[in-house]
Every structure is written in C-alpha cells, then in structure tokens.
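Down below is the structure, laid out as structure tokens.
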Amino acid sequence: MRELHSPDELREWLRSNGIPCASWGIGAVKSVRNLWDEIASGEATLSDDPPLRRVSVVSVRIRRDGKQLTEVGQLMVGGAVRKRSTPPTEKMKPGETVIAAALRCLAEELGVRETDVTIDPRSLSVAVETVVSPSYPGLPSEYRLHTVDAQVSGLPGTSFTTEEASGSGDAVISTHYWEWR
C-alpha cells in the first residue's frame, strides 16, 4: 500500500477503492479522522488488494456467579449511542503483549487498578474474523481477537456505568453501560 500523509489522502484512498465514507462521523459511526488516528497510532493498518483494515484486539472475559460482564451500550460525548454486547474489549497497540493490553483495557474501560486484576494466561485463545466494520460502514476489517479470562475484585454485583477519559486528559469521551449476563 502506498503511504498516506493526511486524513484527506485517506479519504481519497477510501473513495478510489469504492469505500463509501461520506456518511462517516455521523451518529455512532466513526469518522475518517478516527480511522486516520487508528492508523497513525499503529492500532490499525490498511492493505490495498483488496481494501482491508487489520486490527488486533484484546477481549477480557470476567465471570461471576455463572454470569459474564458484558458492555451493553456506549454513550459517546456527542450524544450518539452505540449498542454493544461484548466483554471489555480494546484495540492493541504496536508491540503490546496480550496481558499488557488486557490490563490497559480494564483500566480504561472499568477504571480498575492492575493490583485488582488476575489474568489467566493459560486461557488465551486467538481467532481471526473478517467482517464489514460497524464503526466504518463499507470497510472490510480483519480482527485478530485475543481473548483471556480475568478475575477482577471490587466490581459491583449489579448493572453499573463507567466513564472513559481521553488519553490526554480528564475529558470524558464515553460512558459505558455494563451488565452481568
């Protein structure tokens, strides 16, 4: 793939590859700028033939009393709501181990400290799935999903919410809604 130097070049690459991105950034759909930031940070890569976004993700299963912690929704800072049905999940950074990514995920999504988490490295499973991204409609995406089990102390026993702050400050970027299912 040729090197892209700006969000505008990325937008043109998407259009030239038949990816309809004009409605991106509306409602719960992420923007071309969001995709640019993923690529610039190394959280995602793009390939040309065929157009494909590749992402490595960690998913953390937390079980209690026969139920699993599930994120059922997200309220974004702009008011958009994203329905979810996943355990705590986070895109991995370049060179990050699964355990480090899982700990970062739990800190960012649930606000828990590393000392409150025990991850079972023997539980690790990896699956690869290619689907059209719900965050970027029309863009095929390959997800390398690393799943691990964890014990986390201090979590509420009933439904609860958490707020996720931006990496650069205290501004809330989303509210997460959690249930035990």
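Letters for chains follow the order of the structure tokens (A, B, ...), residue numbers begin at 1 for each chain, and ligand numbers begin at 1 in the order shown.
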I'd like the contact shell of Val98 of chain A - 8 Å cut-off, only C-alpha atoms, skipping same-chain residues fewer than 6 positions apart - returned as a list of chain:residue names. A:Val58, A:Met92, A:His146
Please identify all polymer residues within 10 Å of segment 64-72 of chain A, counting only C-alpha atoms, omitting same-chain residues fewer than 4 positions from it, and present them as a list in words.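 What passes the distance filter is Val60, Arg82, Lys83, Arg84, Ser85, Thr86, Pro87, Pro88, Thr89, Glu109, Gln151, Val152, Leu155, Gly157, Thr158, Ser159, Phe160, Thr161, His176, Tyr177, Trp178, Glu179, Trp180 and Arg181 of chain A.
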Residues near segment 119-132 of chain A, anyone? I mean within 8 Å using only C-alpha atoms, not counting same-chain ones fewer than 2 positions away, as a PDB file with all heavy atoms, in the first residue's frame.
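Listed below is the output, selection-v5.pdb:
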ATOM      1  N   ILE A  99      -1.330  -9.542  27.678  1.00  0.00           N
ATOM      2  CA  ILE A  99      -1.552  -9.250  29.103  1.00  0.00           C
ATOM      3  C   ILE A  99      -1.518  -7.743  29.347  1.00  0.00           C
ATOM      4  O   ILE A  99      -2.392  -7.204  30.039  1.00  0.00           O
ATOM      5  CB  ILE A  99      -0.503  -9.967  29.989  1.00  0.00           C
ATOM      6  CG1 ILE A  99      -0.574 -11.488  29.797  1.00  0.00           C
ATOM      7  CG2 ILE A  99      -0.666  -9.582  31.462  1.00  0.00           C
ATOM      8  CD1 ILE A  99      -1.894 -12.129  30.163  1.00  0.00           C
ATOM      9  N   VAL A 117      -6.502  -7.043  39.529  1.00  0.00           N
ATOM     10  CA  VAL A 117      -6.741  -7.921  38.385  1.00  0.00           C
ATOM     11  C   VAL A 117      -5.799  -9.118  38.417  1.00  0.00           C
ATOM     12  O   VAL A 117      -4.592  -8.968  38.639  1.00  0.00           O
ATOM     13  CB  VAL A 117      -6.528  -7.157  37.058  1.00  0.00           C
ATOM     14  CG1 VAL A 117      -6.732  -8.081  35.865  1.00  0.00           C
ATOM     15  CG2 VAL A 117      -7.442  -5.942  36.967  1.00  0.00           C
ATOM     16  N   PRO A 134     -18.540  -2.225  11.770  1.00  0.00           N
ATOM     17  CA  PRO A 134     -19.689  -1.406  12.159  1.00  0.00           C
ATOM     18  C   PRO A 134     -19.281   0.050  12.425  1.00  0.00           C
ATOM     19  O   PRO A 134     -20.093   0.952  12.272  1.00  0.00           O
ATOM     20  CB  PRO A 134     -20.206  -2.084  13.434  1.00  0.00           C
ATOM     21  CG  PRO A 134     -19.091  -2.936  13.923  1.00  0.00           C
ATOM     22  CD  PRO A 134     -18.219  -3.258  12.756  1.00  0.00           C
ATOM     23  N   TYR A 136     -16.914   1.662  10.690  1.00  0.00           N
ATOM     24  CA  TYR A 136     -16.595   2.256   9.392  1.00  0.00           C
ATOM     25  C   TYR A 136     -17.375   1.505   8.317  1.00  0.00           C
ATOM     26  O   TYR A 136     -16.827   0.643   7.630  1.00  0.00           O
ATOM     27  CB  TYR A 136     -15.093   2.184   9.113  1.00  0.00           C
ATOM     28  CG  TYR A 136     -14.250   2.809  10.205  1.00  0.00           C
ATOM     29  CD1 TYR A 136     -13.530   2.008  11.092  1.00  0.00           C
ATOM     30  CD2 TYR A 136     -14.194   4.184  10.363  1.00  0.00           C
ATOM     31  CE1 TYR A 136     -12.766   2.575  12.107  1.00  0.00           C
ATOM     32  CE2 TYR A 136     -13.437   4.757  11.380  1.00  0.00           C
ATOM     33  CZ  TYR A 136     -12.723   3.950  12.243  1.00  0.00           C
ATOM     34  OH  TYR A 136     -11.972   4.505  13.242  1.00  0.00           O
ATOM     35  N   PRO A 137     -18.673   1.792   8.152  1.00  0.00           N
ATOM     36  CA  PRO A 137     -19.513   1.045   7.211  1.00  0.00           C
ATOM     37  C   PRO A 137     -18.906   1.004   5.808  1.00  0.00           C
ATOM     38  O   PRO A 137     -18.459   2.021   5.282  1.00  0.00           O
ATOM     39  CB  PRO A 137     -20.832   1.820   7.215  1.00  0.00           C
ATOM     40  CG  PRO A 137     -20.850   2.527   8.533  1.00  0.00           C
ATOM     41  CD  PRO A 137     -19.410   2.855   8.830  1.00  0.00           C
ATOM     42  N   GLY A 138     -18.900  -0.200   5.237  1.00  0.00           N
ATOM     43  CA  GLY A 138     -18.369  -0.394   3.894  1.00  0.00           C
ATOM     44  C   GLY A 138     -16.913  -0.794   3.860  1.00  0.00           C
ATOM     45  O   GLY A 138     -16.408  -1.198   2.815  1.00  0.00           O
ATOM     46  N   LEU A 139     -16.209  -0.690   5.002  1.00  0.00           N
ATOM     47  CA  LEU A 139     -14.787  -1.026   5.046  1.00  0.00           C
ATOM     48  C   LEU A 139     -14.602  -2.429   5.621  1.00  0.00           C
ATOM     49  O   LEU A 139     -14.819  -2.650   6.820  1.00  0.00           O
ATOM     50  CB  LEU A 139     -14.016  -0.013   5.892  1.00  0.00           C
ATOM     51  CG  LEU A 139     -12.513  -0.253   6.046  1.00  0.00           C
ATOM     52  CD1 LEU A 139     -11.816  -0.243   4.681  1.00  0.00           C
ATOM     53  CD2 LEU A 139     -11.892   0.799   6.966  1.00  0.00           C
ATOM     54  N   PRO A 140     -14.207  -3.404   4.797  1.00  0.00           N
ATOM     55  CA  PRO A 140     -13.929  -4.736   5.338  1.00  0.00           C
ATOM     56  C   PRO A 140     -12.793  -4.664   6.361  1.00  0.00           C
ATOM     57  O   PRO A 140     -11.811  -3.946   6.155  1.00  0.00           O
ATOM     58  CB  PRO A 140     -13.505  -5.543   4.106  1.00  0.00           C
ATOM     59  CG  PRO A 140     -14.031  -4.773   2.939  1.00  0.00           C
ATOM     60  CD  PRO A 140     -14.003  -3.338   3.355  1.00  0.00           C
ATOM     61  N   SER A 141     -12.956  -5.379   7.442  1.00  0.00           N
ATOM     62  CA  SER A 141     -11.969  -5.343   8.518  1.00  0.00           C
ATOM     63  C   SER A 141     -11.657  -6.751   8.995  1.00  0.00           C
ATOM     64  O   SER A 141     -12.565  -7.564   9.172  1.00  0.00           O
ATOM     65  CB  SER A 141     -12.478  -4.505   9.692  1.00  0.00           C
ATOM     66  OG  SER A 141     -12.647  -3.156   9.302  1.00  0.00           O
ATOM     67  N   GLU A 142     -10.386  -7.005   9.213  1.00  0.00           N
ATOM     68  CA  GLU A 142      -9.924  -8.277   9.766  1.00  0.00           C
ATOM     69  C   GLU A 142      -9.542  -8.033  11.215  1.00  0.00           C
ATOM     70  O   GLU A 142      -8.677  -7.211  11.504  1.00  0.00           O
ATOM     71  CB  GLU A 142      -8.715  -8.789   8.990  1.00  0.00           C
ATOM     72  CG  GLU A 142      -8.164 -10.089   9.545  1.00  0.00           C
ATOM     73  CD  GLU A 142      -6.901 -10.492   8.829  1.00  0.00           C
ATOM     74  OE1 GLU A 142      -6.997 -11.116   7.755  1.00  0.00           O
ATOM     75  OE2 GLU A 142      -5.807 -10.159   9.352  1.00  0.00           O
ATOM     76  N   TYR A 143     -10.215  -8.751  12.103  1.00  0.00           N
ATOM     77  CA  TYR A 143      -9.960  -8.621  13.536  1.00  0.00           C
ATOM     78  C   TYR A 143      -9.225  -9.859  14.015  1.00  0.00           C
ATOM     79  O   TYR A 143      -9.709 -10.978  13.847  1.00  0.00           O
ATOM     80  CB  TYR A 143     -11.281  -8.480  14.306  1.00  0.00           C
ATOM     81  CG  TYR A 143     -12.051  -7.235  13.951  1.00  0.00           C
ATOM     82  CD1 TYR A 143     -13.030  -7.258  12.966  1.00  0.00           C
ATOM     83  CD2 TYR A 143     -11.783  -6.028  14.593  1.00  0.00           C
ATOM     84  CE1 TYR A 143     -13.741  -6.115  12.634  1.00  0.00           C
ATOM     85  CE2 TYR A 143     -12.489  -4.887  14.270  1.00  0.00           C
ATOM     86  CZ  TYR A 143     -13.464  -4.922  13.288  1.00  0.00           C
ATOM     87  OH  TYR A 143     -14.168  -3.796  12.956  1.00  0.00           O
ATOM     88  N   ARG A 144      -8.060  -9.666  14.613  1.00  0.00           N
ATOM     89  CA  ARG A 144      -7.331 -10.741  15.294  1.00  0.00           C
ATOM     90  C   ARG A 144      -7.700 -10.568  16.766  1.00  0.00           C
ATOM     91  O   ARG A 144      -7.216  -9.667  17.436  1.00  0.00           O
ATOM     92  CB  ARG A 144      -5.840 -10.622  15.058  1.00  0.00           C
ATOM     93  CG  ARG A 144      -5.037 -11.691  15.780  1.00  0.00           C
ATOM     94  CD  ARG A 144      -3.583 -11.665  15.381  1.00  0.00           C
ATOM     95  NE  ARG A 144      -3.387 -12.165  14.028  1.00  0.00           N
ATOM     96  CZ  ARG A 144      -3.310 -13.453  13.697  1.00  0.00           C
ATOM     97  NH1 ARG A 144      -3.407 -14.377  14.622  1.00  0.00           N
ATOM     98  NH2 ARG A 144      -3.128 -13.817  12.451  1.00  0.00           N
ATOM     99  N   LEU A 145      -8.607 -11.439  17.237  1.00  0.00           N
ATOM    100  CA  LEU A 145      -9.174 -11.312  18.575  1.00  0.00           C
ATOM    101  C   LEU A 145      -8.459 -12.231  19.556  1.00  0.00           C
ATOM    102  O   LEU A 145      -8.512 -13.450  19.427  1.00  0.00           O
ATOM    103  CB  LEU A 145     -10.668 -11.651  18.522  1.00  0.00           C
ATOM    104  CG  LEU A 145     -11.427 -11.568  19.837  1.00  0.00           C
ATOM    105  CD1 LEU A 145     -11.431 -10.141  20.376  1.00  0.00           C
ATOM    106  CD2 LEU A 145     -12.860 -12.064  19.645  1.00  0.00           C
ATOM    107  N   HIS A 146      -7.809 -11.614  20.538  1.00  0.00           N
ATOM    108  CA  HIS A 146      -7.119 -12.328  21.617  1.00  0.00           C
ATOM    109  C   HIS A 146      -8.033 -12.280  22.838  1.00  0.00           C
ATOM    110  O   HIS A 146      -8.340 -11.199  23.332  1.00  0.00           O
ATOM    111  CB  HIS A 146      -5.792 -11.641  21.959  1.00  0.00           C
ATOM    112  CG  HIS A 146      -4.864 -11.513  20.808  1.00  0.00           C
ATOM    113  ND1 HIS A 146      -4.969 -10.507  19.870  1.00  0.00           N
ATOM    114  CD2 HIS A 146      -3.813 -12.269  20.436  1.00  0.00           C
ATOM    115  CE1 HIS A 146      -4.010 -10.646  18.970  1.00  0.00           C
ATOM    116  NE2 HIS A 146      -3.297 -11.702  19.285  1.00  0.00           N
ATOM    117  N   THR A 147      -8.488 -13.436  23.314  1.00  0.00           N
ATOM    118  CA  THR A 147      -9.406 -13.487  24.443  1.00  0.00           C
ATOM    119  C   THR A 147      -8.716 -14.127  25.637  1.00  0.00           C
ATOM    120  O   THR A 147      -8.057 -15.163  25.495  1.00  0.00           O
ATOM    121  CB  THR A 147     -10.664 -14.293  24.064  1.00  0.00           C
ATOM    122  OG1 THR A 147     -11.260 -13.691  22.914  1.00  0.00           O
ATOM    123  CG2 THR A 147     -11.673 -14.297  25.204  1.00  0.00           C
ATOM    124  N   VAL A 148      -8.863 -13.482  26.814  1.00  0.00           N
ATOM    125  CA  VAL A 148      -8.309 -14.022  28.057  1.00  0.00           C
ATOM    126  C   VAL A 148      -9.356 -13.923  29.161  1.00  0.00           C
ATOM    127  O   VAL A 148     -10.255 -13.084  29.110  1.00  0.00           O
ATOM    128  CB  VAL A 148      -7.016 -13.298  28.507  1.00  0.00           C
ATOM    129  CG1 VAL A 148      -5.873 -13.549  27.558  1.00  0.00           C
ATOM    130  CG2 VAL A 148      -7.248 -11.812  28.698  1.00  0.00           C
ATOM    131  N   ASP A 149      -9.211 -14.779  30.153  1.00  0.00           N
ATOM    132  CA  ASP A 149     -10.064 -14.739  31.340  1.00  0.00           C
ATOM    133  C   ASP A 149      -9.351 -13.950  32.430  1.00  0.00           C
ATOM    134  O   ASP A 149      -8.128 -14.025  32.556  1.00  0.00           O
ATOM    135  CB  ASP A 149     -10.334 -16.160  31.855  1.00  0.00           C
ATOM    136  CG  ASP A 149     -11.182 -16.974  30.907  1.00  0.00           C
ATOM    137  OD1 ASP A 149     -11.967 -16.386  30.136  1.00  0.00           O
ATOM    138  OD2 ASP A 149     -11.063 -18.216  30.933  1.00  0.00           O
ATOM    139  N   ALA A 150     -10.141 -13.218  33.220  1.00  0.00           N
ATOM    140  CA  ALA A 150      -9.574 -12.442  34.321  1.00  0.00           C
ATOM    141  C   ALA A 150     -10.505 -12.469  35.524  1.00  0.00           C
ATOM    142  O   ALA A 150     -11.729 -12.570  35.376  1.00  0.00           O
ATOM    143  CB  ALA A 150      -9.325 -11.003  33.889  1.00  0.00           C
ATOM    144  N   GLN A 151      -9.911 -12.365  36.682  1.00  0.00           N
ATOM    145  CA  GLN A 151     -10.638 -12.141  37.934  1.00  0.00           C
ATOM    146  C   GLN A 151     -10.370 -10.689  38.307  1.00  0.00           C
ATOM    147  O   GLN A 151      -9.218 -10.242  38.290  1.00  0.00           O
ATOM    148  CB  GLN A 151     -10.128 -13.067  39.045  1.00  0.00           C
ATOM    149  CG  GLN A 151     -10.347 -14.541  38.761  1.00  0.00           C
ATOM    150  CD  GLN A 151     -11.827 -14.878  38.713  1.00  0.00           C
ATOM    151  OE1 GLN A 151     -12.614 -14.414  39.522  1.00  0.00           O
ATOM    152  NE2 GLN A 151     -12.196 -15.693  37.740  1.00  0.00           N
TER     153      GLN A 151
END
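We find atom CA of Trp24 of chain A and atom CA of Gly42 of chain A to be spaced 20.7 Å apart.
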Contacts of Asn17 of chain A at 10 Å (only C-alpha atoms; same-chain gap of 4+ positions) as a ChimeraX atom specification: /A:11-13,48-51,139
Generate a file of the selected residues that holds N, CA and C atoms, formatted as a PDB file, in the first residue's frame.
ATOM      1  N   ARG A  11      -9.117   9.759   2.883  1.00  0.00           N
ATOM      2  CA  ARG A  11     -10.483   9.876   2.339  1.00  0.00           C
ATOM      3  C   ARG A  11     -10.466   9.575   0.834  1.00  0.00           C
ATOM      4  N   GLU A  12      -9.497  10.118   0.121  1.00  0.00           N
ATOM      5  CA  GLU A  12      -9.398   9.879  -1.319  1.00  0.00           C
ATOM      6  C   GLU A  12      -9.101   8.408  -1.609  1.00  0.00           C
ATOM      7  N   TRP A  13      -8.216   7.789  -0.810  1.00  0.00           N
ATOM      8  CA  TRP A  13      -7.908   6.365  -0.976  1.00  0.00           C
ATOM      9  C   TRP A  13      -9.173   5.524  -0.782  1.00  0.00           C
ATOM     10  N   ASP A  48      -4.181  -2.790   0.327  1.00  0.00           N
ATOM     11  CA  ASP A  48      -4.834  -2.367  -0.911  1.00  0.00           C
ATOM     12  C   ASP A  48      -5.664  -3.422  -1.619  1.00  0.00           C
ATOM     13  N   ASP A  49      -5.167  -4.628  -1.702  1.00  0.00           N
ATOM     14  CA  ASP A  49      -5.746  -5.569  -2.653  1.00  0.00           C
ATOM     15  C   ASP A  49      -6.189  -6.857  -1.988  1.00  0.00           C
ATOM     16  N   PRO A  50      -7.405  -6.967  -1.523  1.00  0.00           N
ATOM     17  CA  PRO A  50      -8.467  -5.966  -1.586  1.00  0.00           C
ATOM     18  C   PRO A  50      -8.332  -4.966  -0.434  1.00  0.00           C
ATOM     19  N   PRO A  51      -9.072  -3.849  -0.490  1.00  0.00           N
ATOM     20  CA  PRO A  51      -9.025  -2.900   0.634  1.00  0.00           C
ATOM     21  C   PRO A  51      -9.430  -3.604   1.926  1.00  0.00           C
ATOM     22  N   LEU A 139     -16.209  -0.690   5.002  1.00  0.00           N
ATOM     23  CA  LEU A 139     -14.787  -1.026   5.046  1.00  0.00           C
ATOM     24  C   LEU A 139     -14.602  -2.429   5.621  1.00  0.00           C
TER      25      LEU A 139
END
Could you give me the residues within chain A that DSSP places in alpha helix (DSSP H), as an MDAnalysis selection string? chainID A and resid 7:16 32:41 98:110
Do you know which residues are at most 12 Å from Ser41 of chain A counting only C-alpha atoms, after dropping those on the same chain fewer than 2 positions away, and could you put them as a PyMOL selection string? chain A and resi 34-39+43-45+55+91-95
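With atom CA of Glu108 of chain A on one side and atom CA of Val172 of chain A on the other, the separation reads 11.2 Å.
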Please measure the separation of atom CA of Ser59 of chain A and atom CA of Leu46 of chain A, giving the value in Å to one decimal.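 Straight-line distance from atom CA of Ser59 of chain A to atom CA of Leu46 of chain A works out to 21.8 Å.
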Spatial neighbours of Gly25 of chain A, 12 Å, only C-alpha atoms, chain gap at least 4 places, as JSON, numbers by chain: {"A": [21, 29, 30, 31, 32, 33, 34, 35, 76, 78, 80, 135, 136, 137]}
Using only C-alpha atoms, find the one residue out of A:Arg104, A:Arg53, A:Arg113, A:Arg15 that sits nearest to Met1 of chain A. A:Arg53
Which residue, A:Ser23, A:Ala102, A:Thr175, A:Val81, has the smallest gap to Ile62 of chain A when you use only C-alpha atoms?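 Closest to Ile62 of chain A, using only C-alpha atoms: A:Ala102.
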